[in-house]
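Student: Provided herewith: structure_25.cif, mmCIF, C-alpha atoms and all ligand atoms.
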```
data_query
loop_
_atom_site.label_atom_id
_atom_site.label_comp_id
_atom_site.auth_asym_id
_atom_site.auth_seq_id
_atom_site.Cartn_x
_atom_site.Cartn_y
_atom_site.Cartn_z
CA MET K 1 14.81 -5.57 15.35
CA ASN K 2 15.05 -1.82 15.39
CA GLN K 3 15.93 0.19 18.43
CA LEU K 4 12.54 1.70 19.08
CA SER K 5 11.11 -1.77 19.15
CA GLU K 6 13.66 -2.87 21.70
CA PHE K 7 12.74 0.15 23.69
CA PHE K 8 9.09 -0.86 23.80
CA GLU K 9 10.03 -4.40 24.72
CA GLU K 10 12.17 -3.16 27.55
CA LEU K 11 9.33 -1.07 28.87
CA ASP K 12 7.09 -4.07 28.80
CA ASP K 13 9.56 -6.32 30.50
CA SER K 14 9.77 -4.00 33.46
CA SER K 15 5.98 -3.87 33.79
CA ASP K 16 5.97 -7.31 35.41
CA GLU K 17 7.30 -5.89 38.65
CA THR K 18 4.24 -5.35 40.72
CA SER K 19 5.30 -4.68 44.27
CA ARG K 20 4.19 -1.25 45.51
CA HIS K 21 7.43 -0.85 47.29
CA ASP K 22 9.34 -1.11 44.04
CA ARG K 23 6.96 0.87 41.95
CA LYS K 24 8.53 4.27 42.39
CA ARG K 25 12.00 2.93 41.70
CA VAL K 26 10.70 1.06 38.66
CA THR K 27 8.99 4.15 37.34
CA GLN K 28 12.17 6.15 37.72
CA ARG K 29 14.21 3.44 36.09
CA ARG K 30 11.72 3.12 33.29
CA GLU K 31 11.72 6.84 32.73
CA SER K 32 15.47 6.92 32.52
CA GLN K 33 15.59 3.82 30.27
CA LYS K 34 13.01 5.46 28.08
CA ARG K 35 15.00 8.69 27.86
CA GLU K 36 18.18 6.76 27.14
CA MET K 37 16.59 4.68 24.37
CA GLU K 38 14.88 7.70 22.87
CA SER K 39 18.08 9.66 22.81
CA LYS K 40 19.97 6.73 21.21
CA LEU K 41 17.28 6.41 18.59
CA PHE K 42 17.20 10.12 17.84
CA THR K 43 21.00 10.25 17.57
CA ARG K 44 20.90 7.38 15.12
CA ALA K 45 18.06 9.04 13.21
CA GLN K 46 20.14 12.22 12.94
CA GLU K 47 23.06 10.23 11.57
CA ILE K 48 20.83 8.50 9.03
CA SER K 49 19.19 11.74 7.97
CA ARG K 50 22.61 13.17 7.08
CA ASP K 51 22.81 10.64 4.26
CA PHE K 52 19.16 10.35 3.30
CA HIS K 53 16.82 13.25 2.68
CA PHE K 54 13.26 12.19 2.35
CA THR K 55 10.50 14.43 1.04
CA TYR K 56 8.04 13.16 3.65
CA LYS K 57 8.52 14.93 6.95
CA ALA K 58 7.17 12.88 9.79
CA ALA K 59 6.69 13.97 13.37
CA ARG K 60 9.85 13.59 15.47
CA PHE K 61 9.00 10.23 17.02
CA GLU K 62 7.61 8.70 13.83
CA GLU K 63 10.58 10.00 11.88
CA ALA K 64 13.12 8.29 14.12
CA TRP K 65 11.21 5.00 13.87
CA LEU K 66 10.76 5.35 10.12
CA LEU K 67 14.40 6.18 9.41
CA ASP K 68 15.56 3.32 11.55
CA SER K 69 13.22 0.93 9.73
CA LEU K 70 14.04 2.17 6.22
CA VAL K 71 17.77 2.75 6.34
CA GLU K 72 18.44 -0.74 4.93
CA PHE K 73 16.08 -0.08 1.99
CA ALA K 74 17.75 3.25 1.26
CA GLU K 75 21.31 1.92 1.64
CA ASN K 76 20.57 -0.90 -0.79
CA GLU K 77 19.03 1.57 -3.25
CA TRP K 78 15.67 -0.14 -3.15
CA ILE K 79 14.04 3.21 -2.42
CA SER K 80 15.33 6.69 -3.17
CA ASP K 81 12.67 8.79 -1.44
CA VAL K 82 9.70 8.57 0.91
CA LEU K 83 6.95 10.76 -0.53
CA ARG K 84 4.02 10.45 1.82
CA LYS K 85 2.25 8.30 4.32
CA VAL K 86 -0.54 6.29 2.67
CA LYS K 87 -2.06 5.06 5.89
CA GLY K 88 -1.06 4.63 9.49
CA GLY K 89 -2.70 1.68 11.16
CA LYS K 90 -2.58 -0.12 14.47
CA GLU K 91 -0.18 -2.76 13.24
CA ALA K 92 1.67 -1.06 10.41
CA SER K 93 2.06 2.15 8.47
CA VAL K 94 2.31 2.21 4.70
CA TYR K 95 4.30 4.83 2.80
CA LEU K 96 4.48 5.77 -0.85
CA CYS K 97 8.13 5.76 -1.94
CA LYS K 98 10.07 6.44 -5.08
CA SER K 99 11.90 3.28 -6.04
CA GLY K 100 15.69 3.18 -6.13
CA PRO K 101 17.95 2.00 -8.99
CA GLU K 102 17.88 -1.57 -7.64
CA ILE K 103 14.13 -1.85 -8.25
CA PRO K 104 14.02 -0.83 -11.91
CA SER K 105 10.66 -2.44 -12.70
CA ALA K 106 8.58 0.11 -10.78
CA GLU K 107 8.67 3.85 -10.41
CA TRP K 108 6.64 4.03 -7.21
CA VAL K 109 6.57 1.44 -4.48
CA ALA K 110 4.73 0.90 -1.22
CA VAL K 111 6.63 0.24 1.98
CA LYS K 112 4.80 -1.37 4.86
CA VAL K 113 6.58 -0.70 8.13
CA TYR K 114 5.43 -2.76 11.09
CA ARG K 115 4.85 -1.27 14.49
CA PRO K 116 6.92 -2.65 17.35
CA GLN K 117 3.69 -3.51 19.20
CA MET K 118 2.41 -5.43 16.20
CA LEU K 119 2.75 -8.77 17.92
CA ARG K 120 0.76 -7.76 20.93
CA ASN K 121 -1.97 -6.20 18.82
CA LEU K 122 -2.56 -9.36 16.88
CA ARG K 123 -5.33 -10.60 19.06
CA ASN K 124 -5.30 -14.26 19.78
CA ASP K 125 -2.06 -14.91 17.94
CA ALA K 126 -2.05 -18.53 19.14
CA MET K 127 -5.12 -19.19 17.00
CA TYR K 128 -3.17 -18.26 13.87
CA ARG K 129 0.11 -19.83 14.93
CA ALA K 130 -1.44 -23.22 15.75
CA GLY K 131 0.54 -25.76 13.76
CA ARG K 132 2.36 -23.02 11.82
CA ALA K 133 6.16 -23.26 11.67
CA ASP K 134 7.99 -20.00 12.37
CA LEU K 135 10.02 -18.39 9.61
CA ASN K 136 13.34 -16.57 9.73
CA GLY K 137 14.44 -13.43 7.94
CA ALA K 138 15.28 -15.39 4.80
CA GLY K 139 11.79 -16.90 4.70
CA GLY K 140 13.02 -20.37 5.76
CA VAL K 141 11.65 -22.43 8.64
CA VAL K 142 13.36 -21.81 12.00
CA THR K 143 14.96 -25.07 13.15
CA ASP K 144 17.66 -23.77 15.50
CA LYS K 145 16.91 -25.20 18.98
CA ARG K 146 18.01 -22.07 20.82
CA GLN K 147 15.77 -19.92 18.66
CA LEU K 148 12.83 -22.27 19.04
CA ARG K 149 13.28 -22.20 22.81
CA ALA K 150 13.47 -18.41 22.85
CA MET K 151 10.23 -18.17 20.91
CA ARG K 152 8.48 -20.67 23.15
CA SER K 153 9.46 -18.84 26.31
CA LYS K 154 8.82 -15.45 24.64
CA THR K 155 12.09 -13.90 25.79
CA GLU K 156 12.95 -10.59 24.25
CA TYR K 157 15.00 -12.39 21.61
CA GLY K 158 12.16 -14.84 21.06
CA ARG K 159 9.69 -12.05 20.49
CA GLU K 160 12.08 -10.48 18.00
CA LEU K 161 12.11 -13.77 16.11
CA LEU K 162 8.32 -14.03 16.23
CA HIS K 163 7.98 -10.49 14.93
CA GLN K 164 10.25 -11.45 12.05
CA SER K 165 8.22 -14.58 11.43
CA TRP K 166 4.94 -12.68 10.91
CA ILE K 167 6.67 -10.40 8.41
CA ALA K 168 8.28 -13.35 6.62
CA TYR K 169 4.85 -15.00 6.35
CA GLU K 170 3.42 -11.89 4.74
CA PHE K 171 6.32 -11.62 2.30
CA THR K 172 6.61 -15.29 1.30
CA THR K 173 2.83 -15.54 0.91
CA LEU K 174 2.82 -12.50 -1.39
CA GLU K 175 5.65 -14.06 -3.41
CA MET K 176 3.85 -17.34 -3.78
CA LEU K 177 0.46 -15.83 -4.59
CA HIS K 178 1.90 -13.35 -7.03
CA LYS K 179 3.61 -16.18 -8.92
CA ALA K 180 0.33 -18.11 -8.86
CA GLY K 181 -1.46 -15.24 -10.60
CA ALA K 182 -3.50 -14.02 -7.63
CA ASP K 183 -4.47 -10.35 -7.35
CA VAL K 184 -1.88 -9.25 -4.80
CA PRO K 185 0.82 -6.57 -4.91
CA GLU K 186 4.12 -7.80 -6.32
CA PRO K 187 6.54 -8.10 -3.40
CA TYR K 188 10.08 -6.82 -3.96
CA ARG K 189 12.09 -7.01 -0.73
CA MET K 190 11.74 -7.56 2.99
CA SER K 191 13.82 -6.49 5.96
CA ASN K 192 13.43 -7.32 9.62
CA ASN K 193 10.79 -4.64 9.98
CA ALA K 194 9.36 -3.73 6.58
CA ILE K 195 8.13 -5.01 3.25
CA LEU K 196 8.65 -3.31 -0.09
CA MET K 197 5.95 -4.04 -2.65
CA GLU K 198 4.07 -2.80 -5.66
CA PHE K 199 2.12 0.38 -4.97
CA VAL K 200 -1.54 0.29 -5.93
CA GLY K 201 -2.75 3.72 -6.99
CA ASP K 202 -1.05 6.67 -8.61
CA LEU K 203 1.06 9.55 -7.49
CA GLY K 204 -1.95 11.65 -6.56
CA MET K 205 -3.99 9.02 -4.80
CA SER K 206 -3.59 5.57 -3.35
CA ALA K 207 -6.19 2.92 -4.05
CA PRO K 208 -9.17 3.03 -1.67
CA THR K 209 -10.20 -0.12 0.14
CA LEU K 210 -13.50 -1.71 -0.93
CA ASN K 211 -15.23 -0.62 2.27
CA GLU K 212 -14.63 3.00 1.26
CA ILE K 213 -16.57 2.72 -1.99
CA SER K 214 -19.90 1.56 -3.37
CA LEU K 215 -20.16 -0.58 -6.48
CA GLU K 216 -22.66 -0.73 -9.31
CA ARG K 217 -24.46 -4.07 -9.19
CA LEU K 218 -22.89 -5.49 -12.34
CA GLU K 219 -19.43 -4.56 -11.23
CA ALA K 220 -20.14 -6.00 -7.79
CA VAL K 221 -21.01 -9.35 -9.38
CA SER K 222 -17.79 -9.53 -11.37
CA LEU K 223 -15.58 -8.37 -8.48
CA PHE K 224 -17.22 -10.88 -6.15
CA GLU K 225 -16.35 -13.64 -8.61
CA ARG K 226 -12.83 -12.30 -8.71
CA VAL K 227 -12.46 -12.39 -4.92
CA MET K 228 -13.77 -15.97 -4.90
CA ARG K 229 -11.25 -16.92 -7.56
CA ASN K 230 -8.52 -15.48 -5.34
CA LEU K 231 -9.75 -17.36 -2.29
CA ASP K 232 -9.60 -20.53 -4.35
CA ILE K 233 -6.03 -19.79 -5.47
CA LEU K 234 -5.11 -19.28 -1.82
CA LEU K 235 -6.72 -22.59 -0.80
CA SER K 236 -5.03 -24.41 -3.66
CA HIS K 237 -1.71 -23.09 -2.31
CA ASP K 238 -2.51 -24.14 1.24
CA ARG K 239 -3.31 -20.68 2.50
CA ILE K 240 -6.22 -18.94 4.20
CA HIS K 241 -5.96 -15.17 4.48
CA GLY K 242 -7.21 -15.04 8.07
CA ASP K 243 -8.17 -11.36 8.19
CA LEU K 244 -9.99 -10.86 4.95
CA SER K 245 -12.73 -8.26 4.62
CA ALA K 246 -13.52 -5.22 2.50
CA TYR K 247 -10.87 -3.41 4.59
CA ASN K 248 -8.09 -5.55 3.15
CA ILE K 249 -9.10 -5.41 -0.49
CA LEU K 250 -7.94 -2.46 -2.58
CA TYR K 251 -9.91 -1.18 -5.56
CA TRP K 252 -8.15 0.51 -8.48
CA ASN K 253 -8.94 0.76 -12.21
CA ARG K 254 -11.93 -1.54 -11.73
CA GLU K 255 -9.71 -4.25 -10.32
CA ILE K 256 -9.16 -5.64 -6.85
CA THR K 257 -5.96 -6.35 -4.92
CA LEU K 258 -5.87 -8.43 -1.75
CA ILE K 259 -3.44 -7.18 0.92
CA ASP K 260 -2.34 -7.74 4.54
CA PHE K 261 -1.18 -11.35 4.90
CA PRO K 262 0.95 -11.73 8.06
CA GLN K 263 -1.63 -13.95 9.80
CA VAL K 264 -2.15 -16.50 6.99
CA VAL K 265 -2.94 -20.02 8.14
CA SER K 266 -2.83 -23.42 6.50
CA PRO K 267 -6.15 -25.17 5.80
CA ARG K 268 -4.47 -28.53 6.37
CA ILE K 269 -2.62 -27.85 9.59
CA ASN K 270 -4.46 -25.23 11.62
CA ARG K 271 -7.24 -26.84 13.63
CA ASN K 272 -9.31 -23.64 13.47
CA ALA K 273 -8.86 -23.48 9.73
CA PHE K 274 -12.46 -23.89 8.63
CA ARG K 275 -13.70 -21.39 11.20
CA ILE K 276 -11.10 -18.82 10.10
CA PHE K 277 -11.84 -19.47 6.45
CA SER K 278 -15.60 -19.14 6.95
CA ARG K 279 -15.12 -15.85 8.77
CA ASP K 280 -13.12 -14.51 5.81
CA VAL K 281 -15.83 -15.62 3.39
CA PHE K 282 -18.68 -14.24 5.52
CA ARG K 283 -17.04 -10.84 5.87
CA VAL K 284 -16.43 -10.56 2.15
CA CYS K 285 -19.99 -11.72 1.40
CA ASP K 286 -21.39 -9.15 3.85
CA TYR K 287 -19.82 -6.39 1.83
CA PHE K 288 -21.17 -7.68 -1.47
CA ILE K 289 -24.61 -8.26 0.03
CA LYS K 290 -24.57 -4.57 1.02
CA GLN K 291 -23.82 -3.81 -2.64
CA GLY K 292 -27.13 -5.45 -3.57
CA MET K 293 -26.10 -9.03 -4.26
CA LYS K 294 -27.96 -12.05 -2.94
CA ILE K 295 -25.45 -14.52 -1.55
CA ASN K 296 -25.70 -17.60 0.63
CA SER K 297 -22.43 -17.07 2.51
CA GLU K 298 -22.48 -20.44 4.22
CA LYS K 299 -22.88 -22.28 0.96
CA VAL K 300 -20.13 -20.23 -0.67
CA ALA K 301 -17.71 -21.12 2.14
CA ASP K 302 -18.69 -24.82 2.13
CA ASP K 303 -18.45 -25.14 -1.65
CA LEU K 304 -15.03 -23.53 -1.90
CA TRP K 305 -13.74 -25.59 1.00
CA ASN K 306 -15.15 -28.89 -0.23
CA SER K 307 -14.09 -28.34 -3.82
CA ARG K 308 -10.50 -28.46 -2.59
CA GLY K 309 -11.14 -31.64 -0.66
CA PHE K 310 -10.81 -30.25 2.85
CA PRO K 311 -13.05 -31.71 5.55
CA SER K 312 -15.82 -29.31 6.57
CA PHE K 313 -15.48 -29.71 10.32
CA GLU K 314 -13.14 -28.46 13.01
CA ILE K 315 -9.91 -30.43 13.11
CA GLU K 316 -9.44 -31.65 16.65
CA GLY K 317 -6.06 -31.69 18.33
CA PRO K 318 -3.71 -29.85 20.63
CA ASP K 319 -2.49 -26.31 19.81
N1 LIG J 401 0.51 -2.08 -1.88
C1 LIG J 401 -0.26 -1.08 -1.45
N2 LIG J 401 -0.59 -0.04 -2.28
C2 LIG J 401 -1.36 0.97 -1.84
N3 LIG J 401 -1.86 1.06 -0.58
C3 LIG J 401 -1.58 0.08 0.28
C4 LIG J 401 -0.76 -1.04 -0.10
N4 LIG J 401 -0.65 -1.86 0.98
C5 LIG J 401 -1.34 -1.29 1.97
N5 LIG J 401 -1.91 -0.12 1.56
C6 LIG J 401 -2.72 0.78 2.40
O1 LIG J 401 -2.24 0.72 3.74
C7 LIG J 401 -3.25 0.26 4.63
C8 LIG J 401 -2.65 -0.64 5.70
O2 LIG J 401 -2.05 -1.78 5.11
P1 LIG J 401 -2.34 -3.24 5.64
O3 LIG J 401 -1.42 -4.17 4.91
O4 LIG J 401 -3.79 -3.54 5.55
O5 LIG J 401 -1.84 -3.15 7.16
P2 LIG J 401 -2.63 -3.12 8.58
O6 LIG J 401 -2.12 -4.33 9.26
O7 LIG J 401 -2.19 -1.85 9.24
O8 LIG J 401 -4.10 -3.17 8.30
C9 LIG J 401 -4.28 -0.41 3.74
O9 LIG J 401 -5.57 -0.32 4.27
C10 LIG J 401 -4.18 0.38 2.44
O10 LIG J 401 -4.94 1.55 2.53
MG MG J 402 -5.23 -4.11 6.89
#
```
How does the structure come out when it is put into structure tokens?

Tutor:
Amino acid sequence: MNQLSEFFEELDDSSDETSRHDRKRVTQRRESQKREMESKLFTRAQEISRDFHFTYKAARFEEAWLLDSLVEFAENEWISDVLRKVKGGKEASVYLCKSGPEIPSAEWVAVKVYRPQMLRNLRNDAMYRAGRADLNGAGGVVTDKRQLRAMRSKTEYGRELLHQSWIAYEFTTLEMLHKAGADVPEPYRMSNNAILMEFVGDLGMSAPTLNEISLERLEAVSLFERVMRNLDILLSHDRIHGDLSAYNILYWNREITLIDFPQVVSPRINRNAFRIFSRDVFRVCDYFIKQGMKINSEKVADDLWNSRGFPSFEIEGPD
């Protein structure tokens, strides 16, 4: 995990100390830890920026975080330049990059860099993780006892592993869905803090999300069918998006692209699966209803779910 992330974790760890008596000392220690970590990060960022000159000039703090997160991509020649920030969100920022010689199939690529606080921002992460094995940096299931223990007790190391697991879920899901012919960006590489994937848009403009645009009725009908087809591909590959809405569907050249998969859940294993799936369907339907379509969202969710043979009730059991 990158240094800035460790720095946030350290700050959090020290926030458990509650005694008034200690508070001043803790604050001072925190301040000095913070200064120390910042200065380490900025020194490293300066070193990195000697070798890599990116067109995009971020603010000082963002730049240090970005350089630290992208140095592996640049060193491996997966990217050769960062051109601009596409969007900065609560959980990740996405940048438009020029691809490097090692990614010859695309000229422009998108890099999604996760925020260190990403884990904490994922509200109710237990709901998504129920029954879900954790993945390592190579996309394989974590079986090492020490690592499993660290994740259970949420030590700093454990949280690092969990952070990696969310990213690995996003990447491996994109790989699987892309192979299956779903409308998702082609994934190219992942690191411990970022994903490199196909960029949707062109040099002048990135694709808007569906919620940013209105559709003609006929187009709405065909795009709705397309989203449903994608939901079915996901189900047939044992996946539910888990955070699907018009905010996570891109629109470009009259086509849609589903994005943002770190929280995917399995319809077979997660006991909240049907609830999570229905929420995805309802949110998507809401958008298309606003575009003038008449849809029975409940029936759409039930039909998709039942057509794949899943039971349409909550699966009982422990977390
Ligand atoms: N492959 C991509 N091509 C173009 N824009 C993208 C791509 N992936 C993400 N974006 C943009 O970045 C934003 C944030 O990405 P997303 O994966 O949804 O992360 P977050 O967890 O921050 O919502 C999206 O709303 C979209 O505007
Ligand atoms: Mg999103």

Student: Once you count all atoms listed in the file, which residues end up within 9 Å of ligand LIG 401 (chain J), and could you hand them over as a ChimeraX atom specification?

Tutor: /K:85-96,109-115,118,184-187,196-202,205-209,247-250,257-262

Student: Which distance in Å separates CA of Tyr157 in chain K and CA of Pro267 in chain K, to one decimal?

Tutor: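 For CA of Tyr157 in chain K relative to CA of Pro267 in chain K, the distance reads 29.3 Å.
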
Student: Identify, on the basis of only C-alpha atoms, every residue whose closest approach to Glu225 in chain K does not exceed 12 Å; exclude the query and any residue fewer than 3 positions from it along the same chain; express the result as a ChimeraX atom specification.

Tutor: /K:218-222,228-232,255-256,284-285,288,293,295,300

Student: Box along x, y and z, 4 Å on every side, all listed atoms of range 297-309 of chain K inside: centre and edge lengths in Å to one decimal, as lines of an AutoDock Vina configuration file.

Tutor:
```
center_x = -16.7
center_y = -24.4
center_z = 0.2
size_x = 20.4
size_y = 22.6
size_z = 16.0
```

Student: Taking only C-alpha atoms into account, name the residue in K:Glu170, K:Asp286, K:Asp238, K:Glu212 that is nearest to Trp252 in chain K.

Tutor: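 Result for the nearest residue to Trp252 in chain K: K:Glu212.
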
Student: Between K:Ile195, K:Ala138, K:Leu304, K:Leu244, which residue has the minimum interatomic distance to ligand MG 402 (chain J), considering only C-alpha atoms and all ligand atoms?

Tutor: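 Of K:Ile195, K:Ala138, K:Leu304, K:Leu244, the one nearest ligand MG 402 (chain J) is K:Leu244, counting only C-alpha atoms and all ligand atoms.
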
Student: Excluding Tyr287 in chain K and residues on its chain fewer than 3 positions from it, collect all residues at most 8 Å away from it, counting all atoms listed in the file, and give them as number ranges by chain.

Tutor: K: 211, 245-246, 283-284, 290-291

Student: Find the residues near Asn270 in chain K: any atom within 6 Å, counting all atoms listed in the file, skip ones fewer than 4 places away on the same chain, and give them as JSON, numbers by chain.

Tutor: {"K": [130, 131, 266]}

Student: At what distance in Å, to one decimal, does CA of Ala194 in chain K lie from CA of Ala106 in chain K?

Tutor: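 Between CA of Ala106 in chain K and CA of Ala194 in chain K the gap works out to 17.8 Å.
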
Student: Between CA of Leu148 in chain K and CA of Asp134 in chain K, what distance in Å does the model show, to one decimal?

Tutor: 8.5 Å

Student: Quick one: residues within 9 Å of range 37-53 of chain K, all atoms listed in the file counted, chain neighbours fewer than 3 positions away excluded, as a list of chain:residue names?

Tutor: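 Near range 37-53 of chain K, the qualifying residues are K:Gln3, K:Leu4, K:Glu6, K:Phe7, K:Ser32, K:Gln33, K:Lys34, K:Tyr56, K:Arg60, K:Phe61, K:Glu63, K:Ala64, K:Trp65, K:Leu66, K:Leu67, K:Asp68, K:Val71, K:Ala74, K:Glu75, K:Ser80, K:Asp81, K:Val82.
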
Student: Give the answer as one residue: which of K:Arg239, K:Arg268, K:Arg189, K:Arg149 has the shortest atom-to-atom distance to Leu70 in chain K, using all atoms listed in the file?

Tutor: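 Looking only at the distances to Leu70 in chain K, the closest residue turns out to be K:Arg189.
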
Student: Hey, which of K:Asp303, K:Glu62, K:Glu77, K:Asp125 ends up closest to Pro104 in chain K? Count all atoms listed in the file.

Tutor: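 For Pro104 in chain K, the nearest of the given residues is K:Glu77.
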
Student: Identify which of the residues K:Leu210, K:Ile233, K:Cys97, K:Leu135 lies closest to ligand MG 402 (chain J), counting all atoms listed in the file when measuring atom-to-atom distances.

Tutor: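 Using all atoms listed in the file, the shortest distance to ligand MG 402 (chain J) belongs to K:Leu210.
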
Student: Measuring atom to atom with all atoms listed in the file, identify which of K:Gln263, K:Asn192, K:Asn306, K:Ser69 is nearest to His241 in chain K.

Tutor: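 Checking each candidate against His241 in chain K, we get K:Gln263 as the closest.
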